[in-house]
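File shown: entry21.csv. Contents: CSV, N, CA and C atoms and all ligand atoms.
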chain,number,residue,atom,x,y,z
A,1,MET,N,255.7,-22.9,111.7
A,1,MET,CA,255.2,-24.2,111.2
A,1,MET,C,256.3,-25.3,111.4
A,2,SER,N,255.9,-26.4,112.0
A,2,SER,CA,256.9,-27.4,112.2
A,2,SER,C,257.2,-28.2,111.0
A,3,GLU,N,258.2,-29.0,111.0
A,3,GLU,CA,258.5,-29.9,109.9
A,3,GLU,C,257.4,-30.8,109.6
A,4,THR,N,256.8,-31.3,110.6
A,4,THR,CA,255.6,-32.3,110.5
A,4,THR,C,254.5,-31.6,109.8
A,5,ASP,N,254.2,-30.3,110.2
A,5,ASP,CA,253.1,-29.6,109.5
A,5,ASP,C,253.3,-29.4,108.0
A,6,GLU,N,254.6,-29.2,107.7
A,6,GLU,CA,254.9,-29.0,106.3
A,6,GLU,C,254.7,-30.2,105.5
A,7,ASP,N,255.0,-31.4,106.1
A,7,ASP,CA,254.9,-32.7,105.5
A,7,ASP,C,253.4,-33.2,105.4
A,8,THR,N,252.5,-32.6,106.2
A,8,THR,CA,251.2,-33.1,106.2
A,8,THR,C,250.3,-32.3,105.3
A,9,PRO,N,249.7,-32.9,104.3
A,9,PRO,CA,248.8,-32.1,103.4
A,9,PRO,C,247.6,-31.7,104.2
A,10,GLN,N,247.1,-30.4,104.0
A,10,GLN,CA,245.9,-29.9,104.6
A,10,GLN,C,244.7,-30.6,104.1
A,11,ARG,N,243.8,-31.0,105.0
A,11,ARG,CA,242.5,-31.6,104.6
A,11,ARG,C,241.6,-30.4,104.2
A,12,ARG,N,240.7,-30.7,103.3
A,12,ARG,CA,239.7,-29.7,102.9
A,12,ARG,C,238.8,-29.4,104.1
A,13,TYR,N,238.4,-30.5,104.8
A,13,TYR,CA,237.5,-30.3,106.0
A,13,TYR,C,238.2,-30.9,107.2
A,14,PRO,N,238.9,-30.1,108.0
A,14,PRO,CA,239.5,-30.7,109.2
A,14,PRO,C,238.6,-30.8,110.4
A,15,ARG,N,237.4,-30.3,110.3
A,15,ARG,CA,236.5,-30.4,111.5
A,15,ARG,C,235.1,-31.0,111.1
A,16,LEU,N,234.5,-31.7,112.0
A,16,LEU,CA,233.2,-32.3,111.8
A,16,LEU,C,232.3,-32.0,113.0
A,17,LYS,N,231.2,-31.3,112.8
A,17,LYS,CA,230.3,-31.0,113.9
A,17,LYS,C,229.2,-32.1,113.9
A,18,VAL,N,228.8,-32.5,115.0
A,18,VAL,CA,227.7,-33.5,115.2
A,18,VAL,C,226.7,-32.9,116.2
A,19,CYS,N,225.5,-32.7,115.8
A,19,CYS,CA,224.5,-32.2,116.7
A,19,CYS,C,224.1,-33.3,117.6
A,20,VAL,N,224.1,-33.1,118.9
A,20,VAL,CA,223.6,-34.1,119.9
A,20,VAL,C,222.5,-33.5,120.7
A,21,ASN,N,221.8,-32.5,120.2
A,21,ASN,CA,220.7,-31.9,120.9
A,21,ASN,C,219.6,-32.9,121.2
A,22,TYR,N,219.1,-32.9,122.4
A,22,TYR,CA,218.1,-33.9,122.7
A,22,TYR,C,216.8,-33.2,123.2
A,23,ARG,N,215.7,-33.4,122.6
A,23,ARG,CA,214.5,-32.9,123.1
A,23,ARG,C,213.5,-34.0,123.4
A,24,ALA,N,213.1,-34.1,124.6
A,24,ALA,CA,212.2,-35.2,124.9
A,24,ALA,C,210.8,-34.9,124.4
A,25,GLY,N,210.0,-35.9,124.2
A,25,GLY,CA,208.7,-35.7,123.7
A,25,GLY,C,208.6,-35.7,122.2
A,26,ASP,N,207.4,-35.4,121.7
A,26,ASP,CA,207.3,-35.4,120.2
A,26,ASP,C,206.8,-34.0,119.7
A,27,VAL,N,207.0,-33.0,120.5
A,27,VAL,CA,206.5,-31.6,120.0
A,27,VAL,C,207.5,-31.1,118.9
A,28,LEU,N,208.8,-31.3,119.2
A,28,LEU,CA,209.8,-30.9,118.2
A,28,LEU,C,210.8,-32.0,118.0
A,29,PRO,N,211.2,-32.3,116.8
A,29,PRO,CA,212.2,-33.4,116.6
A,29,PRO,C,213.6,-32.9,117.0
A,30,SER,N,214.5,-33.9,117.3
A,30,SER,CA,215.8,-33.5,117.6
A,30,SER,C,216.8,-34.6,117.2
A,31,CYS,N,218.0,-34.3,116.9
A,31,CYS,CA,219.0,-35.3,116.5
A,31,CYS,C,219.3,-36.3,117.6
A,32,GLY,N,219.3,-35.8,118.9
A,32,GLY,CA,219.6,-36.7,120.0
A,32,GLY,C,218.5,-37.8,120.1
A,33,ALA,N,217.3,-37.4,119.8
A,33,ALA,CA,216.2,-38.4,119.9
A,33,ALA,C,216.2,-39.4,118.8
A,34,LYS,N,217.1,-39.1,117.8
A,34,LYS,CA,217.1,-40.0,116.6
A,34,LYS,C,218.5,-40.7,116.5
A,35,GLY,N,219.2,-40.7,117.6
A,35,GLY,CA,220.4,-41.5,117.7
A,35,GLY,C,221.7,-40.8,117.5
A,36,SER,N,221.8,-39.5,117.5
A,36,SER,CA,223.0,-38.8,117.2
A,36,SER,C,224.1,-38.9,118.3
A,37,ARG,N,223.6,-39.1,119.5
A,37,ARG,CA,224.6,-39.3,120.6
A,37,ARG,C,225.4,-40.6,120.4
A,38,GLU,N,224.7,-41.6,120.1
A,38,GLU,CA,225.4,-42.9,119.8
A,38,GLU,C,226.2,-42.8,118.5
A,39,LEU,N,225.7,-42.1,117.5
A,39,LEU,CA,226.5,-41.8,116.3
A,39,LEU,C,227.8,-41.1,116.6
A,40,ALA,N,227.7,-40.0,117.4
A,40,ALA,CA,228.9,-39.2,117.8
A,40,ALA,C,229.9,-40.1,118.5
A,41,GLN,N,229.5,-40.9,119.4
A,41,GLN,CA,230.4,-41.8,120.1
A,41,GLN,C,231.1,-42.8,119.2
A,42,SER,N,230.3,-43.4,118.3
A,42,SER,CA,230.9,-44.4,117.4
A,42,SER,C,231.8,-43.7,116.4
A,43,LEU,N,231.4,-42.5,115.9
A,43,LEU,CA,232.3,-41.8,115.0
A,43,LEU,C,233.6,-41.4,115.7
A,44,GLN,N,233.6,-41.0,116.9
A,44,GLN,CA,234.8,-40.6,117.6
A,44,GLN,C,235.7,-41.8,117.7
A,45,GLU,N,235.2,-43.0,118.0
A,45,GLU,CA,236.0,-44.3,118.1
A,45,GLU,C,236.6,-44.6,116.7
A,46,GLU,N,235.8,-44.5,115.6
A,46,GLU,CA,236.2,-44.9,114.3
A,46,GLU,C,237.3,-43.9,113.8
A,47,ILE,N,237.1,-42.6,114.2
A,47,ILE,CA,238.1,-41.6,113.8
A,47,ILE,C,239.4,-41.8,114.5
A,48,ALA,N,239.3,-42.2,115.8
A,48,ALA,CA,240.5,-42.5,116.6
A,48,ALA,C,241.3,-43.7,116.0
A,49,LYS,N,240.6,-44.7,115.5
A,49,LYS,CA,241.2,-45.9,114.9
A,49,LYS,C,242.0,-45.5,113.7
A,50,ARG,N,241.6,-44.4,113.0
A,50,ARG,CA,242.3,-44.0,111.8
A,50,ARG,C,243.3,-42.8,112.1
A,51,GLY,N,243.6,-42.6,113.3
A,51,GLY,CA,244.7,-41.7,113.6
A,51,GLY,C,244.2,-40.3,113.9
A,52,ASP,N,243.0,-40.1,114.3
A,52,ASP,CA,242.4,-38.8,114.7
A,52,ASP,C,242.7,-37.8,113.6
A,53,PHE,N,242.4,-38.1,112.4
A,53,PHE,CA,242.7,-37.2,111.3
A,53,PHE,C,241.7,-36.1,111.1
A,54,ILE,N,240.6,-36.0,111.9
A,54,ILE,CA,239.7,-34.9,111.9
A,54,ILE,C,239.2,-34.7,113.3
A,55,THR,N,238.9,-33.4,113.6
A,55,THR,CA,238.4,-33.1,114.9
A,55,THR,C,236.9,-33.1,114.9
A,56,LEU,N,236.3,-33.9,115.8
A,56,LEU,CA,234.9,-34.0,116.0
A,56,LEU,C,234.4,-33.1,117.1
A,57,GLU,N,233.4,-32.3,116.9
A,57,GLU,CA,232.9,-31.4,117.9
A,57,GLU,C,231.4,-31.7,118.0
A,58,THR,N,230.9,-31.9,119.3
A,58,THR,CA,229.5,-32.1,119.5
A,58,THR,C,228.9,-30.7,119.7
A,59,VAL,N,227.7,-30.4,119.1
A,59,VAL,CA,227.1,-29.1,119.2
A,59,VAL,C,225.6,-29.3,119.5
A,60,HIS,N,225.0,-28.3,119.9
A,60,HIS,CA,223.5,-28.3,120.2
A,60,HIS,C,222.7,-27.5,119.2
A,61,CYS,N,222.4,-28.2,118.1
A,61,CYS,CA,221.6,-27.7,117.1
A,61,CYS,C,222.3,-27.0,115.9
A,62,LEU,N,222.0,-27.5,114.7
A,62,LEU,CA,222.6,-27.0,113.5
A,62,LEU,C,221.4,-26.5,112.6
A,63,GLY,N,220.2,-26.4,113.2
A,63,GLY,CA,219.1,-25.8,112.4
A,63,GLY,C,218.4,-26.8,111.4
A,64,LYS,N,218.7,-28.0,111.5
A,64,LYS,CA,218.1,-29.0,110.6
A,64,LYS,C,217.5,-30.2,111.4
A,65,CYS,N,216.8,-29.8,112.4
A,65,CYS,CA,216.4,-30.8,113.4
A,65,CYS,C,215.4,-31.9,112.8
A,66,HIS,N,214.6,-31.5,111.9
A,66,HIS,CA,213.6,-32.4,111.4
A,66,HIS,C,214.2,-33.5,110.4
A,67,ILE,N,215.4,-33.3,110.0
A,67,ILE,CA,216.0,-34.3,109.1
A,67,ILE,C,217.3,-34.9,109.7
A,68,GLY,N,217.5,-34.8,111.0
A,68,GLY,CA,218.6,-35.3,111.7
A,68,GLY,C,218.7,-36.8,111.8
A,69,PRO,N,219.7,-37.3,112.4
A,69,PRO,CA,220.9,-36.6,112.9
A,69,PRO,C,221.6,-35.7,111.9
A,70,THR,N,222.1,-34.6,112.3
A,70,THR,CA,222.7,-33.6,111.4
A,70,THR,C,224.2,-33.5,111.7
A,71,LEU,N,225.0,-33.6,110.7
A,71,LEU,CA,226.4,-33.4,110.8
A,71,LEU,C,226.8,-32.3,109.8
A,72,LYS,N,227.9,-31.6,110.1
A,72,LYS,CA,228.4,-30.5,109.2
A,72,LYS,C,229.9,-30.5,109.1
A,73,LEU,N,230.4,-30.6,107.9
A,73,LEU,CA,231.8,-30.5,107.7
A,73,LEU,C,232.3,-29.0,107.7
A,74,LEU,N,233.4,-28.7,108.3
A,74,LEU,CA,233.9,-27.4,108.4
A,74,LEU,C,235.3,-27.3,107.9
A,75,PRO,N,235.7,-26.2,107.3
A,75,PRO,CA,234.9,-25.0,107.1
A,75,PRO,C,234.1,-25.1,105.7
A,76,TYR,N,232.9,-24.5,105.7
A,76,TYR,CA,232.1,-24.3,104.5
A,76,TYR,C,231.8,-25.6,103.8
A,77,GLY,N,231.7,-26.7,104.6
A,77,GLY,CA,231.4,-28.0,104.0
A,77,GLY,C,229.9,-28.3,104.0
A,78,PRO,N,229.6,-29.5,103.4
A,78,PRO,CA,228.2,-29.8,103.3
A,78,PRO,C,227.6,-30.4,104.6
A,79,PHE,N,226.3,-30.3,104.7
A,79,PHE,CA,225.6,-31.0,105.8
A,79,PHE,C,225.5,-32.5,105.4
A,80,LEU,N,225.5,-33.3,106.4
A,80,LEU,CA,225.3,-34.8,106.2
A,80,LEU,C,224.1,-35.1,107.1
A,81,GLN,N,223.1,-35.9,106.6
A,81,GLN,CA,221.9,-36.1,107.3
A,81,GLN,C,221.6,-37.6,107.5
A,82,ARG,N,220.9,-37.9,108.6
A,82,ARG,CA,220.3,-39.2,108.8
A,82,ARG,C,221.2,-40.3,109.0
A,83,ALA,N,222.5,-40.1,109.3
A,83,ALA,CA,223.4,-41.2,109.6
A,83,ALA,C,223.1,-41.8,110.9
A,84,GLN,N,223.4,-43.0,111.1
A,84,GLN,CA,223.2,-43.7,112.4
A,84,GLN,C,224.5,-44.3,112.9
A,85,ALA,N,224.6,-44.8,114.1
A,85,ALA,CA,225.8,-45.3,114.6
A,85,ALA,C,226.4,-46.4,113.8
A,86,ALA,N,225.5,-47.2,113.2
A,86,ALA,CA,226.0,-48.3,112.3
A,86,ALA,C,226.7,-47.8,111.1
A,87,ASP,N,226.6,-46.5,110.7
A,87,ASP,CA,227.2,-45.9,109.6
A,87,ASP,C,228.6,-45.3,109.9
A,88,ALA,N,229.0,-45.3,111.2
A,88,ALA,CA,230.2,-44.6,111.6
A,88,ALA,C,231.4,-45.0,110.9
A,89,ALA,N,231.6,-46.3,110.8
A,89,ALA,CA,232.9,-46.8,110.1
A,89,ALA,C,232.9,-46.4,108.6
A,90,CYS,N,231.8,-46.4,108.0
A,90,CYS,CA,231.7,-46.0,106.6
A,90,CYS,C,232.0,-44.5,106.5
A,91,ILE,N,231.4,-43.7,107.3
A,91,ILE,CA,231.6,-42.3,107.3
A,91,ILE,C,233.1,-42.0,107.6
A,92,ALA,N,233.7,-42.6,108.6
A,92,ALA,CA,235.1,-42.4,108.9
A,92,ALA,C,236.0,-42.8,107.7
A,93,ASP,N,235.7,-43.9,107.0
A,93,ASP,CA,236.5,-44.3,105.9
A,93,ASP,C,236.4,-43.3,104.8
A,94,LEU,N,235.2,-42.8,104.5
A,94,LEU,CA,235.0,-41.8,103.4
A,94,LEU,C,235.6,-40.5,103.7
A,95,LEU,N,235.6,-40.1,105.0
A,95,LEU,CA,236.3,-38.9,105.4
A,95,LEU,C,237.8,-39.1,105.3
A,96,HIS,N,238.2,-40.2,105.8
A,96,HIS,CA,239.7,-40.4,105.8
A,96,HIS,C,240.3,-40.4,104.4
A,97,THR,N,239.5,-41.0,103.4
A,97,THR,CA,240.0,-41.0,102.1
A,97,THR,C,239.6,-39.8,101.3
A,98,GLU,N,239.0,-38.8,102.0
A,98,GLU,CA,238.5,-37.6,101.4
A,98,GLU,C,237.6,-37.8,100.2
A,99,SER,N,236.7,-38.8,100.3
A,99,SER,CA,235.7,-39.1,99.3
A,99,SER,C,234.4,-38.4,99.6
A,100,TYR,N,234.5,-37.1,99.5
A,100,TYR,CA,233.4,-36.2,99.9
A,100,TYR,C,232.2,-36.4,99.0
A,101,ASP,N,232.4,-36.5,97.7
A,101,ASP,CA,231.2,-36.7,96.8
A,101,ASP,C,230.4,-38.0,97.2
A,102,THR,N,231.1,-39.0,97.4
A,102,THR,CA,230.4,-40.3,97.9
A,102,THR,C,229.7,-40.1,99.2
A,103,LEU,N,230.4,-39.4,100.1
A,103,LEU,CA,229.8,-39.2,101.4
A,103,LEU,C,228.5,-38.3,101.3
A,104,GLU,N,228.6,-37.3,100.5
A,104,GLU,CA,227.4,-36.4,100.3
A,104,GLU,C,226.3,-37.2,99.6
A,105,GLY,N,226.7,-38.1,98.7
A,105,GLY,CA,225.6,-38.9,98.0
A,105,GLY,C,224.9,-39.8,99.0
A,106,LYS,N,225.7,-40.4,99.9
A,106,LYS,CA,225.0,-41.3,100.9
A,106,LYS,C,224.2,-40.7,101.9
A,107,PHE,N,224.7,-39.5,102.3
A,107,PHE,CA,224.0,-38.8,103.5
A,107,PHE,C,223.6,-37.4,103.1
A,108,SER,N,223.0,-37.2,101.9
A,108,SER,CA,222.6,-35.9,101.5
A,108,SER,C,221.3,-35.5,102.2
A,109,SER,N,221.0,-34.2,102.2
A,109,SER,CA,219.7,-33.7,102.8
A,109,SER,C,218.6,-34.2,101.9
A,110,PRO,N,217.6,-34.8,102.4
A,110,PRO,CA,216.4,-35.2,101.6
A,110,PRO,C,215.7,-34.0,101.2
A,111,VAL,N,215.2,-34.0,99.9
A,111,VAL,CA,214.5,-32.8,99.4
A,111,VAL,C,213.0,-32.9,99.6
A,112,ASP,N,212.6,-34.1,100.0
A,112,ASP,CA,211.1,-34.3,100.1
A,112,ASP,C,210.6,-34.2,101.5
A,113,VAL,N,211.4,-33.7,102.4
A,113,VAL,CA,210.9,-33.7,103.8
A,113,VAL,C,210.6,-32.3,104.2
A,114,GLU,N,209.4,-32.1,104.6
A,114,GLU,CA,209.0,-30.7,105.1
A,114,GLU,C,209.2,-30.7,106.6
A,115,PRO,N,209.6,-29.5,107.1
A,115,PRO,CA,209.6,-29.4,108.6
A,115,PRO,C,208.3,-29.6,109.2
A,116,PRO,N,208.2,-30.2,110.4
A,116,PRO,CA,207.0,-30.5,111.0
A,116,PRO,C,206.3,-29.2,111.5
A,117,GLN,N,205.0,-29.2,111.5
A,117,GLN,CA,204.3,-28.1,112.1
A,117,GLN,C,204.2,-28.2,113.6
A,118,ARG,N,204.3,-27.1,114.2
A,118,ARG,CA,204.2,-27.1,115.7
A,118,ARG,C,202.8,-27.5,116.1
A,119,LYS,N,202.7,-28.3,117.1
A,119,LYS,CA,201.4,-28.7,117.6
A,119,LYS,C,200.8,-27.6,118.4
A,120,PRO,N,199.5,-27.3,118.2
A,120,PRO,CA,198.8,-26.2,119.0
A,120,PRO,C,198.8,-26.5,120.5
B,201,LIG,S1,218.4,-30.8,117.0
B,201,LIG,FE1,220.0,-31.3,115.6
B,201,LIG,S2,219.9,-29.8,114.1
B,201,LIG,FE2,218.5,-29.1,115.6
I'd like the structure from this file rewritten - as structure tokens, please.
Ligand code: FES
Amino acid sequence: MSETDEDTPQRRYPRLKVCVNYRAGDVLPSCGAKGSRELAQSLQEEIAKRGDFITLETVHCLGKCHIGPTLKLLPYGPFLQRAQAADAACIADLLHTESYDTLEGKFSSPVDVEPPQRKP
């Protein structure tokens, strides 16, 4: 461990996954079709402005397609749902200040949304 590592407090969630899966059409919903690619780009820029304090990873599906865009804090962190590119600065601020309760409150999973039924 370097001297710098010893001086830097460990963050609870050092990684953020953003689903950028895109499915065309309306048979199945997807985060990419709901703006997650633009969100990922804006988040990366806002995180960079704050010193790259968290690692953003783009992934293809986190299993919550019908309530996306879907983000997941790692390790063992909460899912964040339905953020858009316009929310990137707010999310980066809340992550940077480790205001996880506020972040979850703003982007929690909706409890009243049922997964869509497959069309015959
Ligand atoms: S398409 Fe994003 S969670 Fe499945």
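The residue that comes closest to ligand LIG 201 (chain B), out of A:His60, A:Lys49, A:Lys17, A:Arg11 and on the basis of only N, CA and C atoms and all ligand atoms, is A:His60.
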Chain A near ligand LIG 201 (chain B) within 7 Å: what's each residue's closest atom pair and its distance in Å to one decimal, counting all atoms listed in the file, ordered by chain then ascending residue number, as a tab-separated table?
residue	atom	partner	partner_atom	distance
A:Val18	C	B:LIG201	FE1	6.9
A:Cys19	CA	B:LIG201	FE1	4.7
A:Val20	N	B:LIG201	FE1	5.6
A:Asn21	CA	B:LIG201	S1	4.7
A:Tyr22	N	B:LIG201	S1	5.8
A:Arg23	N	B:LIG201	S1	6.7
A:Pro29	C	B:LIG201	S1	5.2
A:Ser30	CA	B:LIG201	S1	3.8
A:Cys31	N	B:LIG201	S1	3.5
A:Gly32	N	B:LIG201	S1	5.4
A:His60	C	B:LIG201	FE2	5.8
A:Cys61	CA	B:LIG201	FE2	3.7
A:Leu62	N	B:LIG201	S2	3.2
A:Gly63	N	B:LIG201	S2	3.5
A:Lys64	N	B:LIG201	S2	3.4
A:Cys65	CA	B:LIG201	FE2	3.5
A:His66	N	B:LIG201	FE2	5.9
A:Gly68	CA	B:LIG201	FE1	5.8
A:Pro69	C	B:LIG201	FE1	6.0
A:Thr70	N	B:LIG201	FE1	5.1
### Atomic distance CA of Gly35 in chain A - CA of Phe53 in chain A, expressed in Å with one decimal
23.6 Å
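Atom pair atom N of Ala48 in chain A / atom C of Ile91 in chain A has a distance of 10.3 Å (rounded to one decimal).
For the pair CA of Gln41 in chain A and CA of Leu73 in chain A, the interatomic distance is 16.8 Å.
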### Message
Let's see if you can do this: from backbone DSSP, list all strand (DSSP E or B) residues in range 36-110 of chain A, as a ChimeraX atom specification.
### Response
/A:55-59,70-74,79-81
### Query
Which of these, A:Leu39, A:Gln10, A:Ile47, A:Gly77, has the shortest distance to Ala92 in chain A once you count all atoms listed in the file?
A:Ile47
